[in-house]
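Below is coords-v2.cif, holding mmCIF, N, CA and C atoms.
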data_input
#
loop_
_atom_site.label_atom_id
_atom_site.label_comp_id
_atom_site.auth_asym_id
_atom_site.auth_seq_id
_atom_site.Cartn_x
_atom_site.Cartn_y
_atom_site.Cartn_z
N MET L 1 -65.33 -59.32 -42.36
CA MET L 1 -63.96 -59.23 -42.83
C MET L 1 -63.82 -58.01 -43.74
N SER L 2 -62.67 -57.39 -43.67
CA SER L 2 -62.46 -56.19 -44.47
C SER L 2 -61.32 -56.37 -45.46
N VAL L 3 -61.23 -55.42 -46.35
CA VAL L 3 -60.14 -55.41 -47.33
C VAL L 3 -58.81 -55.27 -46.59
N GLN L 4 -58.81 -54.53 -45.49
CA GLN L 4 -57.59 -54.36 -44.70
C GLN L 4 -57.10 -55.70 -44.14
N THR L 5 -58.04 -56.53 -43.70
CA THR L 5 -57.68 -57.86 -43.20
C THR L 5 -57.01 -58.67 -44.31
N LEU L 6 -57.58 -58.58 -45.50
CA LEU L 6 -57.00 -59.28 -46.65
C LEU L 6 -55.60 -58.76 -46.94
N GLN L 7 -55.42 -57.44 -46.87
CA GLN L 7 -54.10 -56.85 -47.13
C GLN L 7 -53.09 -57.30 -46.07
N ASP L 8 -53.52 -57.34 -44.82
CA ASP L 8 -52.63 -57.79 -43.74
C ASP L 8 -52.20 -59.23 -43.95
N LEU L 9 -53.15 -60.08 -44.31
CA LEU L 9 -52.84 -61.49 -44.56
C LEU L 9 -51.89 -61.63 -45.74
N THR L 10 -52.11 -60.84 -46.77
CA THR L 10 -51.24 -60.87 -47.95
C THR L 10 -49.83 -60.43 -47.59
N ASP L 11 -49.73 -59.39 -46.78
CA ASP L 11 -48.41 -58.91 -46.33
C ASP L 11 -47.68 -59.99 -45.53
N GLU L 12 -48.41 -60.68 -44.66
CA GLU L 12 -47.82 -61.75 -43.86
C GLU L 12 -47.35 -62.90 -44.77
N PHE L 13 -48.15 -63.20 -45.80
CA PHE L 13 -47.77 -64.26 -46.73
C PHE L 13 -46.49 -63.87 -47.49
N GLN L 14 -46.41 -62.61 -47.91
CA GLN L 14 -45.21 -62.15 -48.62
C GLN L 14 -43.99 -62.19 -47.71
N SER L 15 -44.17 -61.86 -46.45
CA SER L 15 -43.07 -61.92 -45.49
C SER L 15 -42.58 -63.36 -45.33
N LEU L 16 -43.52 -64.29 -45.26
CA LEU L 16 -43.16 -65.71 -45.18
C LEU L 16 -42.41 -66.15 -46.44
N SER L 17 -42.81 -65.63 -47.57
CA SER L 17 -42.14 -65.97 -48.83
C SER L 17 -40.70 -65.46 -48.83
N LYS L 18 -40.48 -64.26 -48.30
CA LYS L 18 -39.12 -63.73 -48.19
C LYS L 18 -38.28 -64.59 -47.25
N ASP L 19 -38.89 -64.98 -46.13
CA ASP L 19 -38.19 -65.85 -45.18
C ASP L 19 -37.81 -67.16 -45.86
N MET L 20 -38.73 -67.71 -46.63
CA MET L 20 -38.47 -68.98 -47.32
C MET L 20 -37.30 -68.82 -48.28
N SER L 21 -37.27 -67.72 -48.99
CA SER L 21 -36.19 -67.47 -49.95
C SER L 21 -34.83 -67.43 -49.24
N THR L 22 -34.78 -66.76 -48.10
CA THR L 22 -33.54 -66.67 -47.32
C THR L 22 -33.11 -68.05 -46.82
N ILE L 23 -34.07 -68.81 -46.33
CA ILE L 23 -33.77 -70.14 -45.80
C ILE L 23 -33.28 -71.07 -46.91
N VAL L 24 -33.91 -70.98 -48.07
CA VAL L 24 -33.51 -71.84 -49.20
C VAL L 24 -32.09 -71.48 -49.65
N GLN L 25 -31.76 -70.20 -49.65
CA GLN L 25 -30.39 -69.79 -50.00
C GLN L 25 -29.39 -70.37 -49.01
N ALA L 26 -29.72 -70.34 -47.72
CA ALA L 26 -28.84 -70.91 -46.70
C ALA L 26 -28.68 -72.41 -46.93
N ARG L 27 -29.76 -73.06 -47.30
CA ARG L 27 -29.72 -74.51 -47.57
C ARG L 27 -28.82 -74.81 -48.75
N GLN L 28 -28.90 -74.00 -49.79
CA GLN L 28 -28.07 -74.20 -50.98
C GLN L 28 -26.59 -74.00 -50.64
N LYS L 29 -26.30 -73.01 -49.81
CA LYS L 29 -24.92 -72.76 -49.40
C LYS L 29 -24.37 -73.95 -48.62
N LEU L 30 -25.18 -74.47 -47.70
CA LEU L 30 -24.77 -75.64 -46.93
C LEU L 30 -24.54 -76.85 -47.83
N ASP L 31 -25.39 -76.99 -48.84
CA ASP L 31 -25.25 -78.10 -49.76
C ASP L 31 -23.93 -78.02 -50.53
N SER L 32 -23.56 -76.82 -50.96
CA SER L 32 -22.28 -76.68 -51.67
C SER L 32 -21.10 -76.94 -50.73
N GLN L 33 -21.22 -76.51 -49.46
CA GLN L 33 -20.16 -76.78 -48.48
C GLN L 33 -20.05 -78.28 -48.22
N LEU L 34 -21.20 -78.94 -48.19
CA LEU L 34 -21.21 -80.39 -47.97
C LEU L 34 -20.47 -81.09 -49.10
N GLN L 35 -20.78 -80.73 -50.33
CA GLN L 35 -20.13 -81.35 -51.49
C GLN L 35 -18.62 -81.08 -51.48
N GLU L 36 -18.25 -79.86 -51.16
CA GLU L 36 -16.84 -79.48 -51.11
C GLU L 36 -16.09 -80.31 -50.07
N ASN L 37 -16.66 -80.45 -48.89
CA ASN L 37 -16.00 -81.20 -47.82
C ASN L 37 -15.98 -82.70 -48.11
N LYS L 38 -17.01 -83.22 -48.78
CA LYS L 38 -16.99 -84.63 -49.17
C LYS L 38 -15.86 -84.88 -50.17
N SER L 39 -15.65 -83.92 -51.05
CA SER L 39 -14.58 -84.07 -52.03
C SER L 39 -13.21 -84.03 -51.33
N VAL L 40 -13.05 -83.18 -50.33
CA VAL L 40 -11.80 -83.13 -49.55
C VAL L 40 -11.61 -84.46 -48.82
N GLN L 41 -12.69 -84.99 -48.27
CA GLN L 41 -12.63 -86.26 -47.55
C GLN L 41 -12.16 -87.38 -48.49
N LYS L 42 -12.66 -87.38 -49.71
CA LYS L 42 -12.23 -88.40 -50.69
C LYS L 42 -10.75 -88.23 -51.03
N GLU L 43 -10.32 -86.98 -51.17
CA GLU L 43 -8.91 -86.71 -51.46
C GLU L 43 -8.02 -87.24 -50.33
N PHE L 44 -8.43 -86.99 -49.11
CA PHE L 44 -7.66 -87.46 -47.95
C PHE L 44 -7.57 -88.99 -47.95
N ALA L 45 -8.65 -89.65 -48.34
CA ALA L 45 -8.67 -91.12 -48.34
C ALA L 45 -7.67 -91.68 -49.35
N ASN L 46 -7.42 -90.93 -50.41
CA ASN L 46 -6.49 -91.40 -51.45
C ASN L 46 -5.02 -91.04 -51.17
N LEU L 47 -4.79 -90.21 -50.16
CA LEU L 47 -3.42 -89.79 -49.84
C LEU L 47 -2.71 -90.84 -49.00
N PRO L 48 -1.42 -91.01 -49.23
CA PRO L 48 -0.66 -91.90 -48.35
C PRO L 48 -0.54 -91.26 -46.96
N SER L 49 -0.35 -92.07 -45.95
CA SER L 49 -0.32 -91.56 -44.57
C SER L 49 0.83 -90.58 -44.33
N GLU L 50 1.91 -90.68 -45.11
CA GLU L 50 3.05 -89.77 -44.90
C GLU L 50 2.93 -88.48 -45.74
N ALA L 51 1.81 -88.31 -46.44
CA ALA L 51 1.63 -87.12 -47.28
C ALA L 51 1.60 -85.86 -46.43
N ASN L 52 2.14 -84.78 -47.01
CA ASN L 52 2.11 -83.49 -46.34
C ASN L 52 0.78 -82.80 -46.63
N ILE L 53 0.15 -82.31 -45.58
CA ILE L 53 -1.11 -81.58 -45.71
C ILE L 53 -0.90 -80.21 -45.10
N TYR L 54 -1.36 -79.20 -45.84
CA TYR L 54 -1.22 -77.83 -45.36
C TYR L 54 -2.59 -77.20 -45.26
N LYS L 55 -2.73 -76.37 -44.24
CA LYS L 55 -3.98 -75.67 -44.01
C LYS L 55 -3.71 -74.19 -44.21
N LEU L 56 -4.59 -73.52 -44.94
CA LEU L 56 -4.44 -72.09 -45.18
C LEU L 56 -5.04 -71.33 -43.99
N ILE L 57 -4.18 -70.61 -43.28
CA ILE L 57 -4.62 -69.79 -42.15
C ILE L 57 -4.21 -68.36 -42.48
N GLY L 58 -5.20 -67.56 -42.87
CA GLY L 58 -4.88 -66.22 -43.34
C GLY L 58 -4.05 -66.34 -44.60
N PRO L 59 -2.94 -65.62 -44.68
CA PRO L 59 -2.09 -65.70 -45.88
C PRO L 59 -1.02 -66.78 -45.79
N VAL L 60 -1.04 -67.61 -44.74
CA VAL L 60 0.04 -68.56 -44.49
C VAL L 60 -0.45 -70.00 -44.59
N LEU L 61 0.35 -70.86 -45.23
CA LEU L 61 0.08 -72.29 -45.24
C LEU L 61 0.79 -72.92 -44.04
N VAL L 62 0.04 -73.62 -43.20
CA VAL L 62 0.60 -74.25 -42.01
C VAL L 62 0.49 -75.76 -42.17
N LYS L 63 1.60 -76.45 -41.93
CA LYS L 63 1.61 -77.91 -42.05
C LYS L 63 0.70 -78.50 -40.97
N GLN L 64 -0.05 -79.53 -41.37
CA GLN L 64 -1.01 -80.14 -40.45
C GLN L 64 -0.88 -81.66 -40.53
N ASP L 65 -1.06 -82.29 -39.42
CA ASP L 65 -1.03 -83.76 -39.35
C ASP L 65 -2.24 -84.31 -40.10
N LYS L 66 -2.03 -85.39 -40.86
CA LYS L 66 -3.12 -85.95 -41.66
C LYS L 66 -4.30 -86.37 -40.79
N SER L 67 -4.04 -87.03 -39.68
CA SER L 67 -5.15 -87.49 -38.83
C SER L 67 -5.95 -86.30 -38.29
N GLU L 68 -5.27 -85.21 -37.96
CA GLU L 68 -5.96 -84.01 -37.47
C GLU L 68 -6.80 -83.40 -38.59
N ALA L 69 -6.24 -83.34 -39.79
CA ALA L 69 -6.97 -82.78 -40.93
C ALA L 69 -8.20 -83.61 -41.25
N VAL L 70 -8.06 -84.93 -41.24
CA VAL L 70 -9.18 -85.83 -41.51
C VAL L 70 -10.26 -85.65 -40.44
N MET L 71 -9.84 -85.56 -39.18
CA MET L 71 -10.78 -85.38 -38.08
C MET L 71 -11.54 -84.05 -38.23
N ASN L 72 -10.82 -82.98 -38.62
CA ASN L 72 -11.46 -81.67 -38.82
C ASN L 72 -12.52 -81.73 -39.92
N VAL L 73 -12.19 -82.38 -41.01
CA VAL L 73 -13.14 -82.49 -42.12
C VAL L 73 -14.35 -83.32 -41.70
N ASP L 74 -14.10 -84.41 -40.98
CA ASP L 74 -15.21 -85.24 -40.50
C ASP L 74 -16.14 -84.45 -39.58
N LYS L 75 -15.55 -83.66 -38.67
CA LYS L 75 -16.37 -82.83 -37.77
C LYS L 75 -17.15 -81.79 -38.55
N ARG L 76 -16.49 -81.21 -39.54
CA ARG L 76 -17.16 -80.20 -40.38
C ARG L 76 -18.34 -80.82 -41.12
N LEU L 77 -18.14 -82.02 -41.65
CA LEU L 77 -19.23 -82.71 -42.35
C LEU L 77 -20.39 -83.01 -41.40
N GLU L 78 -20.06 -83.42 -40.19
CA GLU L 78 -21.09 -83.70 -39.17
C GLU L 78 -21.88 -82.42 -38.86
N PHE L 79 -21.17 -81.31 -38.69
CA PHE L 79 -21.82 -80.04 -38.40
C PHE L 79 -22.72 -79.60 -39.56
N ILE L 80 -22.20 -79.69 -40.78
CA ILE L 80 -22.97 -79.27 -41.95
C ILE L 80 -24.23 -80.12 -42.09
N THR L 81 -24.09 -81.41 -41.87
CA THR L 81 -25.24 -82.31 -41.97
C THR L 81 -26.31 -81.96 -40.93
N SER L 82 -25.88 -81.64 -39.72
CA SER L 82 -26.86 -81.27 -38.68
C SER L 82 -27.51 -79.93 -39.02
N GLU L 83 -26.75 -79.02 -39.59
CA GLU L 83 -27.32 -77.72 -40.01
C GLU L 83 -28.33 -77.91 -41.13
N ILE L 84 -28.04 -78.80 -42.06
CA ILE L 84 -28.97 -79.08 -43.16
C ILE L 84 -30.28 -79.63 -42.59
N THR L 85 -30.18 -80.51 -41.62
CA THR L 85 -31.38 -81.07 -40.97
C THR L 85 -32.20 -79.96 -40.31
N ARG L 86 -31.50 -79.06 -39.62
CA ARG L 86 -32.17 -77.94 -38.95
C ARG L 86 -32.86 -77.02 -39.97
N ILE L 87 -32.16 -76.72 -41.05
CA ILE L 87 -32.70 -75.84 -42.08
C ILE L 87 -33.90 -76.48 -42.77
N GLU L 88 -33.83 -77.78 -43.02
CA GLU L 88 -34.95 -78.46 -43.65
C GLU L 88 -36.19 -78.44 -42.77
N LYS L 89 -35.99 -78.50 -41.46
CA LYS L 89 -37.12 -78.38 -40.53
C LYS L 89 -37.72 -76.97 -40.63
N GLN L 90 -36.83 -75.96 -40.71
CA GLN L 90 -37.31 -74.58 -40.88
C GLN L 90 -38.12 -74.44 -42.16
N ILE L 91 -37.62 -75.03 -43.23
CA ILE L 91 -38.32 -74.96 -44.52
C ILE L 91 -39.72 -75.58 -44.38
N ALA L 92 -39.80 -76.73 -43.74
CA ALA L 92 -41.10 -77.40 -43.56
C ALA L 92 -42.04 -76.53 -42.72
N ASP L 93 -41.51 -75.90 -41.66
CA ASP L 93 -42.32 -75.04 -40.80
C ASP L 93 -42.86 -73.84 -41.58
N VAL L 94 -42.00 -73.20 -42.37
CA VAL L 94 -42.43 -72.02 -43.13
C VAL L 94 -43.43 -72.44 -44.21
N GLN L 95 -43.22 -73.59 -44.84
CA GLN L 95 -44.18 -74.06 -45.84
C GLN L 95 -45.55 -74.28 -45.22
N GLU L 96 -45.56 -74.84 -44.01
CA GLU L 96 -46.82 -75.07 -43.31
C GLU L 96 -47.52 -73.74 -42.99
N LYS L 97 -46.74 -72.77 -42.51
CA LYS L 97 -47.30 -71.45 -42.21
C LYS L 97 -47.83 -70.78 -43.49
N GLN L 98 -47.08 -70.92 -44.59
CA GLN L 98 -47.53 -70.34 -45.86
C GLN L 98 -48.85 -70.96 -46.29
N GLU L 99 -48.96 -72.27 -46.15
CA GLU L 99 -50.18 -72.96 -46.56
C GLU L 99 -51.37 -72.49 -45.72
N LYS L 100 -51.16 -72.35 -44.41
CA LYS L 100 -52.24 -71.86 -43.53
C LYS L 100 -52.64 -70.44 -43.92
N LYS L 101 -51.64 -69.60 -44.19
CA LYS L 101 -51.90 -68.21 -44.54
C LYS L 101 -52.65 -68.15 -45.87
N LYS L 102 -52.27 -69.01 -46.81
CA LYS L 102 -52.93 -69.04 -48.11
C LYS L 102 -54.40 -69.42 -47.94
N MET L 103 -54.67 -70.39 -47.07
CA MET L 103 -56.06 -70.80 -46.83
C MET L 103 -56.86 -69.66 -46.19
N GLU L 104 -56.23 -68.93 -45.27
CA GLU L 104 -56.90 -67.77 -44.66
C GLU L 104 -57.22 -66.72 -45.72
N ILE L 105 -56.28 -66.47 -46.62
CA ILE L 105 -56.50 -65.48 -47.68
C ILE L 105 -57.67 -65.90 -48.56
N ILE L 106 -57.70 -67.17 -48.93
CA ILE L 106 -58.80 -67.68 -49.78
C ILE L 106 -60.14 -67.53 -49.06
N GLN L 107 -60.13 -67.82 -47.76
CA GLN L 107 -61.37 -67.71 -46.97
C GLN L 107 -61.84 -66.25 -46.92
N VAL L 108 -60.92 -65.32 -46.66
CA VAL L 108 -61.30 -63.90 -46.57
C VAL L 108 -61.76 -63.40 -47.94
N GLN L 109 -61.08 -63.81 -49.01
CA GLN L 109 -61.50 -63.41 -50.35
C GLN L 109 -62.92 -63.89 -50.63
N GLY L 110 -63.20 -65.12 -50.24
CA GLY L 110 -64.54 -65.67 -50.44
C GLY L 110 -65.59 -64.88 -49.67
N GLN L 111 -65.27 -64.52 -48.44
CA GLN L 111 -66.21 -63.75 -47.62
C GLN L 111 -66.43 -62.36 -48.22
N LEU L 112 -65.37 -61.74 -48.71
CA LEU L 112 -65.50 -60.42 -49.32
C LEU L 112 -66.33 -60.49 -50.60
N GLN L 113 -66.11 -61.53 -51.40
CA GLN L 113 -66.90 -61.69 -52.63
C GLN L 113 -68.36 -61.94 -52.31
N GLN L 114 -68.59 -62.75 -51.28
CA GLN L 114 -69.96 -63.04 -50.87
C GLN L 114 -70.66 -61.76 -50.39
N GLY L 115 -69.92 -60.95 -49.62
CA GLY L 115 -70.48 -59.68 -49.14
C GLY L 115 -70.77 -58.74 -50.30
N ALA L 116 -69.90 -58.70 -51.29
CA ALA L 116 -70.11 -57.83 -52.46
C ALA L 116 -71.32 -58.31 -53.25
N GLN L 117 -71.49 -59.63 -53.38
CA GLN L 117 -72.64 -60.15 -54.12
C GLN L 117 -73.94 -59.84 -53.39
N GLN L 118 -73.90 -59.91 -52.05
CA GLN L 118 -75.11 -59.59 -51.27
C GLN L 118 -75.48 -58.12 -51.43
N GLN L 119 -74.46 -57.26 -51.45
CA GLN L 119 -74.71 -55.84 -51.63
C GLN L 119 -75.29 -55.56 -53.02
N GLN L 120 -74.77 -56.24 -54.04
CA GLN L 120 -75.29 -56.07 -55.38
C GLN L 120 -76.74 -56.56 -55.46
N ALA L 121 -77.03 -57.64 -54.78
CA ALA L 121 -78.39 -58.20 -54.79
C ALA L 121 -79.35 -57.23 -54.11
N GLN L 122 -78.91 -56.60 -53.02
CA GLN L 122 -79.76 -55.65 -52.30
C GLN L 122 -79.99 -54.40 -53.13
N VAL L 123 -78.97 -53.96 -53.84
CA VAL L 123 -79.08 -52.76 -54.67
C VAL L 123 -79.99 -53.07 -55.88
N GLY L 124 -79.89 -54.28 -56.38
CA GLY L 124 -80.68 -54.67 -57.55
C GLY L 124 -82.15 -54.89 -57.23
N VAL L 125 -82.49 -55.06 -55.96
CA VAL L 125 -83.88 -55.35 -55.58
C VAL L 125 -84.74 -54.15 -55.63
#
Encoding of this model in structure tokens:
Amino acid sequence: MSVQTLQDLTDEFQSLSKDMSTIVQARQKLDSQLQENKSVQKEFANLPSEANIYKLIGPVLVKQDKSEAVMNVDKRLEFITSEITRIEKQIADVQEKQEKKKMEIIQVQGQLQQGAQQQQAQVGV
């Protein structure tokens, strides 16, 4: 094993760390969207059936039927929940890859240290 191998493994580990950071940010964004939509869902539940609901489309507020608005929010919540599940699987996969890479790095470091000690022992003889 060479120092270059160790550097390559370290670079791969750093790349996985960057990927993890990006994935975690996406997860946090989904979590805030989930909370926002749950709060809208609660608001809808408290509204009377004849309440006026408006949807912002570009710069215009468009009147929307309550049942349609509720259905849209429910679908959005379903989508966000499935995305969170997908992202959490990605997080678990990247964590597993990071752990394997970390073990490889430790193994290569050990081999390099062992080789250096053998060289020192030969020089000292």
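Take CA of Gln35 in chain L and CA of Ser17 in chain L: the distance between them is 27.0 Å.
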Practice prompt. May I have the protein, DNA and RNA residues with any atom at most 5 Å from the point (-0.7, -83.4, -42.7), counting all atoms listed in the file, written as number ranges by chain?
Written response: L: 52-53, 64-66
Discussion item. I need the residues in range 45-122 of chain L that are strand (DSSP E or B) according to DSSP; give them as a PyMOL selection string.
Written reply: chain L and resi 53-57+60-64
Worksheet item: Given the choices L:Glu96, L:Ala45, L:Glu104, L:Arg86, which gets closest to Met71 in chain L if the distance is worked out from only C-alpha atoms?
Response: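 Of all the options, L:Ala45 lies closest to Met71 in chain L.
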Worksheet item: Which one of L:Glu43, L:Met20, L:Asn72, L:Lys63 sits closest to Ile91 in chain L if you count all atoms listed in the file?
Response: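 The closest residue to Ile91 in chain L is L:Met20.
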Worksheet item: So which one's closest to Leu16 in chain L, L:Ile105, L:Ala121, L:Leu112, L:Val94? Using all atoms listed in the file, please.
Response: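 So, comparing all the options, the nearest one is L:Val94.
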Practice prompt. Enumerate, as an MDAnalysis selection string, the complete set of residues in chain L that a backbone-based DSSP assignment places in helix (DSSP H, G or I).
Written response: chainID L and resid 3:46 66:124
Worksheet item: Which residue gives the smallest distance to Val24 in chain L among L:Ile80, L:Val40, L:Lys102, L:Ile87, with all atoms listed in the file counted?
Response: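 Once distances to Val24 in chain L are computed over all atoms listed in the file, the minimum belongs to L:Ile87.
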Item to complete: Can you work out the spacing between CA of Lys101 in chain L and atom N of Phe13 in chain L in Å, to one decimal?
Response: 6.4 Å
Worksheet item: What separation in Å, quoted to one decimal, exists between atom N of Glu50 in chain L and atom C of Asp31 in chain L?
Response: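 Value for the atom N of Glu50 in chain L-atom C of Asp31 in chain L distance: 29.3 Å.
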Item to complete: In the coordinates of the file, take the point (-11.7, -83.6, -48.3) and a cut-off of 12 Å; then, counting only C-alpha atoms, name each qualifying protein, DNA or RNA residue as a PyMOL selection string.
Response: chain L and resi 33-47+53+55+66+69-77
Discussion item. Here is a test: counting all atoms listed in the file, which residue of L:Ile23, L:Gln111, L:Asp11, L:Leu30 is nearest to Glu83 in chain L?
Written reply: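 Among L:Ile23, L:Gln111, L:Asp11, L:Leu30, it is L:Leu30 that comes nearest to Glu83 in chain L.
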Discussion item. Given only N, CA and C atoms as the basis, pick out the residue of L:Gln107, L:Phe79, L:Gln118, L:Gln98 nearest to Glu12 in chain L.
Written reply: L:Gln98
